[in-house]
file entry_32.cif (mmCIF, C-alpha atoms)
data_protein
#
loop_
_atom_site.label_atom_id
_atom_site.label_comp_id
_atom_site.auth_asym_id
_atom_site.auth_seq_id
_atom_site.Cartn_x
_atom_site.Cartn_y
_atom_site.Cartn_z
CA MET A 1 6.05 -29.48 2.44
CA LEU A 2 7.33 -27.02 5.03
CA LYS A 3 6.69 -24.08 2.75
CA TYR A 4 3.17 -25.34 1.97
CA PHE A 5 2.37 -25.86 5.65
CA ILE A 6 3.50 -22.36 6.59
CA CYS A 7 1.44 -20.79 3.82
CA LEU A 8 -1.69 -22.83 4.62
CA SER A 9 -1.57 -22.19 8.34
CA LEU A 10 -1.37 -18.44 7.77
CA MET A 11 -4.03 -18.43 5.04
CA PHE A 12 -1.61 -16.88 2.62
CA ALA A 13 -1.13 -19.76 0.23
CA SER A 14 -1.92 -17.58 -2.77
CA ALA A 15 0.93 -15.27 -1.86
CA CYS A 16 3.46 -18.04 -1.49
CA GLY A 17 2.40 -19.68 -4.69
CA ASN A 18 2.44 -16.49 -6.75
CA LYS A 19 3.80 -17.22 -10.20
CA ASN A 20 4.27 -13.58 -11.08
CA GLN A 21 7.45 -12.88 -9.17
CA PRO A 22 10.83 -13.79 -10.61
CA GLU A 23 12.14 -17.25 -9.77
CA SER A 24 15.24 -15.69 -8.28
CA GLU A 25 13.28 -14.27 -5.33
CA PRO A 26 14.47 -16.12 -2.20
CA GLN A 27 11.78 -18.38 -0.76
CA THR A 28 13.25 -17.86 2.69
CA GLU A 29 12.04 -14.26 2.58
CA LYS A 30 8.41 -15.31 2.76
CA GLU A 31 9.06 -18.08 5.26
CA LEU A 32 10.84 -15.63 7.53
CA SER A 33 8.13 -13.00 7.11
CA ALA A 34 5.54 -15.43 8.45
CA LYS A 35 7.57 -15.67 11.67
CA GLY A 36 9.10 -12.24 12.05
CA THR A 37 8.45 -8.55 11.60
CA SER A 38 6.84 -8.12 8.21
CA LEU A 39 5.06 -5.95 5.70
CA ILE A 40 1.94 -7.46 4.14
CA ILE A 41 0.27 -6.29 0.94
CA LEU A 42 -3.41 -5.85 1.77
CA GLY A 43 -4.47 -4.06 -1.41
CA THR A 44 -3.04 -2.99 -4.75
CA ILE A 45 -5.80 -1.07 -6.57
CA GLN A 46 -6.28 2.69 -7.08
CA ASP A 47 -8.75 4.60 -4.88
CA ALA A 48 -11.97 3.87 -6.79
CA GLY A 49 -11.48 0.11 -6.85
CA SER A 50 -12.08 -2.51 -9.49
CA PRO A 51 -14.65 -2.78 -10.95
CA HIS A 52 -14.75 0.97 -11.34
CA ILE A 53 -18.11 2.72 -11.07
CA ALA A 54 -19.85 3.14 -14.45
CA CYS A 55 -17.01 1.44 -16.32
CA LYS A 56 -18.15 -0.34 -19.49
CA LYS A 57 -14.67 -1.35 -20.63
CA GLU A 58 -13.44 -4.91 -20.88
CA CYS A 59 -11.36 -4.43 -17.72
CA CYS A 60 -14.53 -4.23 -15.60
CA ALA A 61 -17.27 -5.82 -17.71
CA GLN A 62 -17.28 -9.22 -15.97
CA LEU A 63 -16.40 -8.00 -12.48
CA PHE A 64 -19.79 -6.58 -11.57
CA ASP A 65 -21.33 -10.05 -11.80
CA LYS A 66 -18.22 -11.95 -10.74
CA PRO A 67 -16.19 -9.80 -8.33
CA ASP A 68 -12.53 -10.57 -7.73
CA LYS A 69 -11.97 -10.54 -3.95
CA ASP A 70 -8.28 -9.86 -4.48
CA ARG A 71 -8.96 -6.46 -6.06
CA GLN A 72 -8.77 -4.32 -2.95
CA VAL A 73 -7.66 -0.71 -2.63
CA VAL A 74 -3.99 -0.06 -1.91
CA SER A 75 -2.85 -0.76 1.64
CA LEU A 76 0.08 -2.22 3.56
CA GLY A 77 0.04 -3.97 6.90
CA LEU A 78 2.95 -3.89 9.34
CA TYR A 79 3.41 -6.74 11.82
CA ASP A 80 5.70 -6.11 14.80
CA ALA A 81 6.56 -9.69 15.72
CA VAL A 82 8.51 -8.84 18.88
CA ASN A 83 5.69 -6.89 20.50
CA ASP A 84 2.81 -8.61 18.66
CA LYS A 85 1.44 -5.31 17.38
CA LYS A 86 -0.03 -4.47 13.99
CA TYR A 87 -0.31 -1.28 11.99
CA LEU A 88 -2.19 -0.34 8.85
CA PHE A 89 -1.00 2.02 6.14
CA GLU A 90 -4.05 3.69 4.55
CA ALA A 91 -7.68 3.53 5.64
CA THR A 92 -9.37 2.34 2.47
CA PRO A 93 -12.99 1.55 1.55
CA ASP A 94 -11.88 -2.10 1.84
CA MET A 95 -10.61 -1.66 5.41
CA PRO A 96 -12.93 -4.22 7.07
CA ARG A 97 -11.44 -7.12 5.10
CA GLN A 98 -7.94 -5.66 5.24
CA MET A 99 -8.10 -5.25 9.01
CA LYS A 100 -9.25 -8.86 9.36
CA ALA A 101 -6.41 -10.11 7.15
CA LEU A 102 -3.93 -8.14 9.24
CA LYS A 103 -5.43 -9.51 12.46
CA ASN A 104 -5.03 -13.07 11.15
CA PHE A 105 -1.39 -12.60 10.15
CA GLY A 106 1.18 -13.95 12.61
CA GLY A 107 1.22 -13.90 16.37
CA LYS A 108 -1.52 -14.48 18.93
CA ASN A 109 -2.88 -10.93 19.15
CA ASN A 110 -6.66 -11.30 18.97
CA GLU A 111 -7.39 -7.59 18.70
CA GLU A 112 -9.67 -6.97 15.72
CA LEU A 113 -8.44 -3.40 15.17
CA ALA A 114 -4.90 -2.36 14.34
CA ASP A 115 -2.72 -0.66 16.94
CA GLY A 116 -2.40 2.31 14.62
CA ILE A 117 -3.27 3.61 11.16
CA PHE A 118 -0.96 5.75 9.02
CA LEU A 119 -2.57 8.01 6.40
CA THR A 120 -0.86 9.41 3.32
CA HIS A 121 -3.41 12.00 2.14
CA ALA A 122 -7.04 13.02 1.74
CA HIS A 123 -8.02 11.27 -1.47
CA ILE A 124 -10.94 8.88 -1.23
CA GLY A 125 -9.10 5.57 -1.28
CA HIS A 126 -6.64 6.54 1.42
CA TYR A 127 -8.69 7.76 4.39
CA THR A 128 -12.43 7.09 3.95
CA GLY A 129 -12.14 3.68 5.61
CA LEU A 130 -12.07 5.63 8.88
CA MET A 131 -15.87 5.66 8.59
CA TYR A 132 -15.90 2.07 9.81
CA LEU A 133 -14.55 3.21 13.18
CA GLY A 134 -17.58 5.42 13.82
CA LYS A 135 -20.83 5.03 15.70
CA GLU A 136 -22.58 3.33 12.77
CA ALA A 137 -19.94 0.58 12.68
CA THR A 138 -17.43 -0.50 15.35
CA ASP A 139 -17.77 2.64 17.50
CA SER A 140 -14.10 2.16 18.36
CA ARG A 141 -12.23 3.80 21.22
CA ASN A 142 -9.09 5.85 20.64
CA VAL A 143 -7.66 4.06 17.62
CA ASN A 144 -4.35 5.78 16.89
CA VAL A 145 -4.43 7.57 13.52
CA PHE A 146 -1.10 9.08 12.44
CA THR A 147 -1.53 12.23 10.36
CA MET A 148 0.39 15.15 8.92
CA PRO A 149 -0.68 18.70 9.99
CA LYS A 150 -3.06 19.50 7.10
CA MET A 151 -4.54 16.03 7.19
CA LYS A 152 -5.06 16.37 10.94
CA ASN A 153 -6.81 19.70 10.50
CA PHE A 154 -8.98 18.27 7.72
CA LEU A 155 -10.22 15.47 9.97
CA GLU A 156 -10.78 17.80 12.92
CA THR A 157 -12.77 20.43 11.03
CA ASN A 158 -14.84 18.51 8.46
CA GLY A 159 -17.82 16.25 9.02
CA PRO A 160 -18.34 13.41 9.42
CA TRP A 161 -14.68 12.93 10.33
CA ASP A 162 -14.74 15.45 13.19
CA GLN A 163 -17.33 13.24 14.87
CA LEU A 164 -14.77 10.44 15.03
CA VAL A 165 -12.40 12.82 16.79
CA ASN A 166 -14.99 14.35 19.12
CA ARG A 167 -16.43 10.99 20.14
CA LYS A 168 -12.93 9.64 20.66
CA ASN A 169 -13.36 6.87 18.12
CA ILE A 170 -9.93 7.88 16.87
CA ARG A 171 -6.96 9.58 18.50
CA LEU A 172 -4.96 11.74 16.10
CA LYS A 173 -1.19 11.37 16.42
CA PRO A 174 0.71 14.25 14.76
CA LEU A 175 3.45 13.60 12.22
CA GLU A 176 5.98 16.00 10.72
CA ASP A 177 7.86 15.92 7.45
CA GLU A 178 11.08 13.92 7.85
CA SER A 179 10.48 13.45 11.57
CA GLN A 180 11.03 9.84 12.58
CA ILE A 181 8.72 8.18 15.07
CA SER A 182 9.48 4.96 16.93
CA LEU A 183 6.85 2.25 17.13
CA SER A 184 9.19 0.02 19.10
CA GLU A 185 12.87 -0.41 19.83
CA ASN A 186 13.42 -1.84 16.35
CA ILE A 187 10.75 -0.21 14.17
CA THR A 188 10.60 3.39 12.99
CA VAL A 189 8.38 5.19 10.50
CA THR A 190 9.35 8.43 8.76
CA PRO A 191 6.91 10.44 6.61
CA PHE A 192 8.17 12.60 3.75
CA ILE A 193 6.21 14.99 1.56
CA VAL A 194 5.81 14.20 -2.14
CA PRO A 195 4.23 16.32 -4.90
CA HIS A 196 0.62 15.39 -5.59
CA ARG A 197 -2.83 16.96 -5.99
CA ASP A 198 -3.18 18.39 -2.50
CA GLU A 199 -6.72 19.77 -2.51
CA TYR A 200 -7.38 18.98 1.16
CA SER A 201 -4.10 17.82 2.67
CA GLU A 202 -0.44 17.33 2.00
CA THR A 203 0.65 13.99 0.53
CA VAL A 204 3.37 11.83 2.05
CA GLY A 205 5.20 8.63 1.42
CA TYR A 206 6.73 6.59 4.25
CA ARG A 207 10.10 5.07 5.04
CA ILE A 208 9.45 2.03 7.21
CA GLN A 209 12.50 0.65 8.99
CA GLY A 210 12.38 -2.74 10.68
CA PRO A 211 14.95 -4.74 12.64
CA ASN A 212 16.77 -5.84 9.49
CA LYS A 213 15.33 -4.13 6.42
CA THR A 214 13.82 -0.86 5.23
CA ALA A 215 10.99 -0.10 2.81
CA LEU A 216 9.69 2.89 0.86
CA PHE A 217 5.94 3.25 0.41
CA ILE A 218 4.93 5.86 -2.19
CA PRO A 219 1.46 4.97 -3.49
CA ASP A 220 0.78 8.41 -4.98
CA ILE A 221 3.09 10.96 -6.59
CA ASP A 222 2.68 13.22 -9.62
CA LYS A 223 5.89 12.47 -11.54
CA TRP A 224 9.34 11.47 -10.32
CA GLU A 225 10.82 14.61 -11.92
CA LYS A 226 8.58 16.86 -9.82
CA TRP A 227 10.02 15.54 -6.57
CA ASP A 228 12.93 17.42 -5.04
CA ARG A 229 14.69 14.11 -4.42
CA ASP A 230 16.32 11.56 -6.66
CA ILE A 231 14.13 8.47 -6.58
CA ILE A 232 17.02 6.31 -7.76
CA LYS A 233 19.11 7.34 -4.74
CA GLU A 234 16.14 6.64 -2.48
CA ILE A 235 15.74 3.15 -3.95
CA ARG A 236 19.40 2.39 -3.35
CA GLN A 237 19.04 3.18 0.33
CA VAL A 238 16.24 0.66 1.02
CA ASP A 239 15.47 -3.02 0.58
CA TYR A 240 11.97 -2.63 -0.86
CA ALA A 241 10.35 0.20 -2.80
CA PHE A 242 6.56 0.04 -3.19
CA LEU A 243 6.02 2.64 -5.91
CA ASP A 244 3.11 4.37 -7.61
CA ALA A 245 2.18 2.49 -10.78
CA THR A 246 -1.33 3.83 -11.35
CA PHE A 247 -1.17 3.65 -15.14
CA PHE A 248 0.85 1.40 -17.40
CA SER A 249 0.81 4.07 -20.11
CA GLY A 250 -1.27 7.03 -21.21
CA LYS A 251 -3.23 5.16 -23.86
CA GLU A 252 -5.36 3.31 -21.31
CA ILE A 253 -7.03 6.55 -20.18
CA ASN A 254 -7.43 8.37 -23.49
CA ASN A 255 -10.89 9.55 -22.44
CA ARG A 256 -9.53 11.84 -19.70
CA ASP A 257 -7.12 14.76 -19.47
CA ILE A 258 -3.97 13.10 -18.15
CA SER A 259 -2.59 16.46 -17.00
CA GLN A 260 -5.30 16.48 -14.34
CA ILE A 261 -4.31 13.10 -12.94
CA PRO A 262 -0.52 12.92 -13.27
CA HIS A 263 1.24 9.77 -12.09
CA PRO A 264 4.45 8.04 -13.24
CA PHE A 265 3.46 5.61 -15.99
CA ILE A 266 5.00 2.18 -15.52
CA ILE A 267 6.69 2.54 -18.91
CA GLU A 268 8.23 5.83 -17.72
CA SER A 269 9.43 4.30 -14.47
CA MET A 270 10.96 1.30 -16.24
CA GLU A 271 12.82 3.66 -18.58
CA LYS A 272 14.03 5.76 -15.65
CA PHE A 273 15.19 2.71 -13.71
CA LYS A 274 16.64 0.73 -16.61
CA GLY A 275 20.24 1.50 -15.58
CA LEU A 276 19.84 -0.07 -12.15
CA SER A 277 21.46 -3.39 -11.41
CA LYS A 278 19.39 -6.56 -11.32
CA ALA A 279 19.46 -6.50 -7.52
CA GLU A 280 18.30 -2.86 -7.39
CA LYS A 281 15.48 -3.53 -9.85
CA GLN A 282 14.28 -6.39 -7.67
CA LYS A 283 13.65 -3.88 -4.89
CA ILE A 284 10.99 -2.13 -6.96
CA ILE A 285 7.48 -3.43 -6.40
CA PHE A 286 4.87 -1.59 -8.46
CA ILE A 287 1.57 -0.92 -6.67
CA HIS A 288 -1.61 1.26 -6.81
CA PHE A 289 -3.13 0.16 -10.12
CA ASN A 290 -5.95 1.96 -11.87
CA HIS A 291 -8.77 -0.38 -12.92
CA THR A 292 -7.57 0.03 -16.53
CA ASN A 293 -4.00 -1.05 -15.77
CA PRO A 294 -3.25 -4.32 -17.60
CA VAL A 295 -0.70 -5.47 -15.01
CA ILE A 296 -3.62 -6.32 -12.72
CA ASN A 297 -3.96 -9.37 -14.94
CA PRO A 298 -1.04 -11.69 -14.09
CA GLU A 299 -1.23 -13.25 -17.57
CA SER A 300 -1.11 -9.99 -19.56
CA GLU A 301 1.70 -9.12 -21.93
CA GLU A 302 2.32 -5.96 -19.91
CA THR A 303 2.83 -8.05 -16.76
CA LYS A 304 5.33 -10.21 -18.60
CA GLN A 305 7.12 -7.10 -19.85
CA VAL A 306 7.49 -5.71 -16.32
CA LEU A 307 8.78 -9.00 -14.92
CA ASN A 308 11.10 -9.63 -17.86
CA ASN A 309 12.62 -6.21 -17.25
CA GLY A 310 13.52 -7.30 -13.72
CA PHE A 311 10.86 -5.46 -11.71
CA ARG A 312 8.13 -6.81 -9.46
CA ILE A 313 4.37 -6.38 -9.27
CA ALA A 314 2.54 -6.25 -5.95
CA ARG A 315 0.01 -9.01 -5.39
CA ILE A 316 -2.39 -9.13 -2.46
CA ASN A 317 -1.34 -11.15 0.62
CA GLU A 318 2.36 -11.21 -0.26
CA SER A 319 4.57 -10.56 2.73
CA PHE A 320 8.08 -9.17 3.06
CA SER A 321 10.39 -9.61 6.02
CA LEU A 322 11.59 -6.49 7.79
#
call {"tool": "encode", "arguments": {"input": "entry_32.cif", "output": "structure tokens"}}
result
Amino acid sequence: MLKYFICLSLMFASACGNKNQPESEPQTEKELSAKGTSLIILGTIQDAGSPHIACKKECCAQLFDKPDKDRQVVSLGLYDAVNDKKYLFEATPDMPRQMKALKNFGGKNNEELADGIFLTHAHIGHYTGLMYLGKEATDSRNVNVFTMPKMKNFLETNGPWDQLVNRKNIRLKPLEDESQISLSENITVTPFIVPHRDEYSETVGYRIQGPNKTALFIPDIDKWEKWDRDIIKEIRQVDYAFLDATFFSGKEINNRDISQIPHPFIIESMEKFKGLSKAEKQKIIFIHFNHTNPVINPESEETKQVLNNGFRIARINESFSL
């Protein structure tokens, strides 16, 4: 009853009742996250959403008439319980609902907008939600937006984003590769560059360190082998690893040139990580799913395969104690 009450009061019952995570996951983790510093999954889908524009495949056929409210573009929320502050990772096209969900999570802070937004790169699902801070929408004042140098320059020199800067809807906060910033005495965020299609900006992942635990957030990367770091070593140094899982395998996008949209397939990642211990595998939480990815469906055989192999699949509204 205690667990049910906590979930209901926070409007996250679906997260606490998720059947898709292994039974061995400690229930205390989610109970603690409701009270303390936490990461919250606010979206799991690739940039273009689900249903995908012009998609006639089975994966989207029913969703135009019967949308699934849980299919929101990839985003994490960070709740600083000590200081009652909240931060958003990614500014997605679904940001209005994601910002509201973050506002309603924990604490008594009644601010509708996050205390800061961290961007990873200039692809449509990761920054275009900034439009909702402009004159046509909230007309916000000095919302902190944390950006790398190329991303900062992109926003300052391209419309309509430069209008947000010039009208002081947003306040750009510079980041540097591997340079840690402190959000509070017990929370730090460190960006690190990863290889990706960098047409307009660099691409980063984040290391998010809380009072007790640390997380990796890498929603986009070309392939693990292209990175100058060993992803397995990185996983071993954290408690959670939210990793790019755009495609389950190449066969789901046989109508496009995969060389133009490289990502680690889930089957490739599972093969690469198969030597990890059970505890290390449990750290890995796959996220950022293309609309074709069968793991979006919690009942799919591919979902069962991922879970049976000891890994986890991100589901909206789940929370993780930091």
call {"tool": "resolve_selection", "arguments": {"input": "entry_32.cif", "expression": "the PyMOL selection byres ((chain A and resi 164) around 9)", "output": "PyMOL selection string"}}
result
chain A and resi 130-131+133-135+139-140+155-156+159-163+165-171
call {"tool": "closest_residue", "arguments": {"input": "entry_32.cif", "among": "A:Glu111, A:Asp228, A:Asp94, A:Glu234", "to": "Tyr132 in chain A", "atoms": "all atoms listed in the file"}}
result
A:Asp94
call {"tool": "closest_residue", "arguments": {"input": "entry_32.cif", "among": "A:Cys59, A:Ile267, A:Ala81, A:Met95", "to": "Leu322 in chain A", "atoms": "all atoms listed in the file"}}
result
A:Ala81
call {"tool": "atom_distance", "arguments": {"input": "entry_32.cif", "atom1": "CA of Leu119 in chain A", "atom2": "CA of Thr147 in chain A"}}
result
5.9 Å
call {"tool": "residues_near_point", "arguments": {"input": "entry_32.cif", "point": "(3.5, -2.2, -10.3)", "cutoff": "9 Å", "atoms": "all atoms listed in the file", "output": "short mmCIF file (atom, residue, chain, number, x, y, z; two decimals) with C-alpha atoms, in the coordinates of the input"}}
result
data_model
loop_
_atom_site.label_atom_id
_atom_site.label_comp_id
_atom_site.auth_asym_id
_atom_site.auth_seq_id
_atom_site.Cartn_x
_atom_site.Cartn_y
_atom_site.Cartn_z
CA THR A 44 -3.04 -2.99 -4.75
CA PHE A 242 6.56 0.04 -3.19
CA LEU A 243 6.02 2.64 -5.91
CA ASP A 244 3.11 4.37 -7.61
CA ALA A 245 2.18 2.49 -10.78
CA THR A 246 -1.33 3.83 -11.35
CA PHE A 247 -1.17 3.65 -15.14
CA PHE A 248 0.85 1.40 -17.40
CA ILE A 266 5.00 2.18 -15.52
CA ILE A 284 10.99 -2.13 -6.96
CA ILE A 285 7.48 -3.43 -6.40
CA PHE A 286 4.87 -1.59 -8.46
CA ILE A 287 1.57 -0.92 -6.67
CA HIS A 288 -1.61 1.26 -6.81
CA PHE A 289 -3.13 0.16 -10.12
CA VAL A 295 -0.70 -5.47 -15.01
CA ILE A 296 -3.62 -6.32 -12.72
CA THR A 303 2.83 -8.05 -16.76
CA VAL A 306 7.49 -5.71 -16.32
CA PHE A 311 10.86 -5.46 -11.71
CA ARG A 312 8.13 -6.81 -9.46
CA ILE A 313 4.37 -6.38 -9.27
CA ALA A 314 2.54 -6.25 -5.95
#
call {"tool": "atom_distance", "arguments": {"input": "entry_32.cif", "atom1": "CA of Val73 in chain A", "atom2": "CA of Ala122 in chain A"}}
result
14.4 Å
call {"tool": "closest_residue", "arguments": {"input": "entry_32.cif", "among": "A:Gln62, A:Asn309, A:Asn158, A:Gln209", "to": "Leu183 in chain A", "atoms": "all atoms listed in the file"}}
result
A:Gln209
call {"tool": "closest_residue", "arguments": {"input": "entry_32.cif", "among": "A:Met148, A:Leu78, A:Leu276, A:Ile208", "to": "Lys173 in chain A", "atoms": "all atoms listed in the file"}}
result
A:Met148
call {"tool": "resolve_selection", "arguments": {"input": "entry_32.cif", "expression": "the PyMOL selection byres ((chain A and resi 174) around 9)", "output": "PDB file with C-alpha atoms, in the coordinates of the input"}}
result
ATOM      1  CA  VAL A 145      -4.430   7.570  13.520  1.00  0.00           C
ATOM      2  CA  PHE A 146      -1.100   9.080  12.440  1.00  0.00           C
ATOM      3  CA  THR A 147      -1.530  12.230  10.360  1.00  0.00           C
ATOM      4  CA  MET A 148       0.390  15.150   8.920  1.00  0.00           C
ATOM      5  CA  PRO A 149      -0.680  18.700   9.990  1.00  0.00           C
ATOM      6  CA  LYS A 152      -5.060  16.370  10.940  1.00  0.00           C
ATOM      7  CA  LEU A 172      -4.960  11.740  16.100  1.00  0.00           C
ATOM      8  CA  LYS A 173      -1.190  11.370  16.420  1.00  0.00           C
ATOM      9  CA  LEU A 175       3.450  13.600  12.220  1.00  0.00           C
ATOM     10  CA  GLU A 176       5.980  16.000  10.720  1.00  0.00           C
TER      11      GLU A 176
END
call {"tool": "closest_residue", "arguments": {"input": "entry_32.cif", "among": "A:Thr203, A:Asn109, A:Thr292, A:Thr190", "to": "Lys150 in chain A", "atoms": "all atoms listed in the file"}}
result
A:Thr203
call {"tool": "closest_residue", "arguments": {"input": "entry_32.cif", "among": "A:Leu102, A:Ile45, A:Leu63, A:Ala91", "to": "Val143 in chain A", "atoms": "all atoms listed in the file"}}
result
A:Ala91
call {"tool": "resolve_selection", "arguments": {"input": "entry_32.cif", "expression": "the PyMOL selection byres ((chain A and resi 50) around 10)", "output": "PyMOL selection string"}}
result
chain A and resi 45-49+51-53+55+59-60+63-64+67-73+289-292+296
call {"tool": "atom_distance", "arguments": {"input": "entry_32.cif", "atom1": "CA of Leu113 in chain A", "atom2": "CA of Ser319 in chain A"}}
result
19.4 Å
call {"tool": "residues_near_point", "arguments": {"input": "entry_32.cif", "point": "(14.2, 11.2, 11.5)", "cutoff": "10 Å", "atoms": "only C-alpha atoms", "output": "NGL selection string"}}
result
:A and (176-182 or 188-192 or 207)
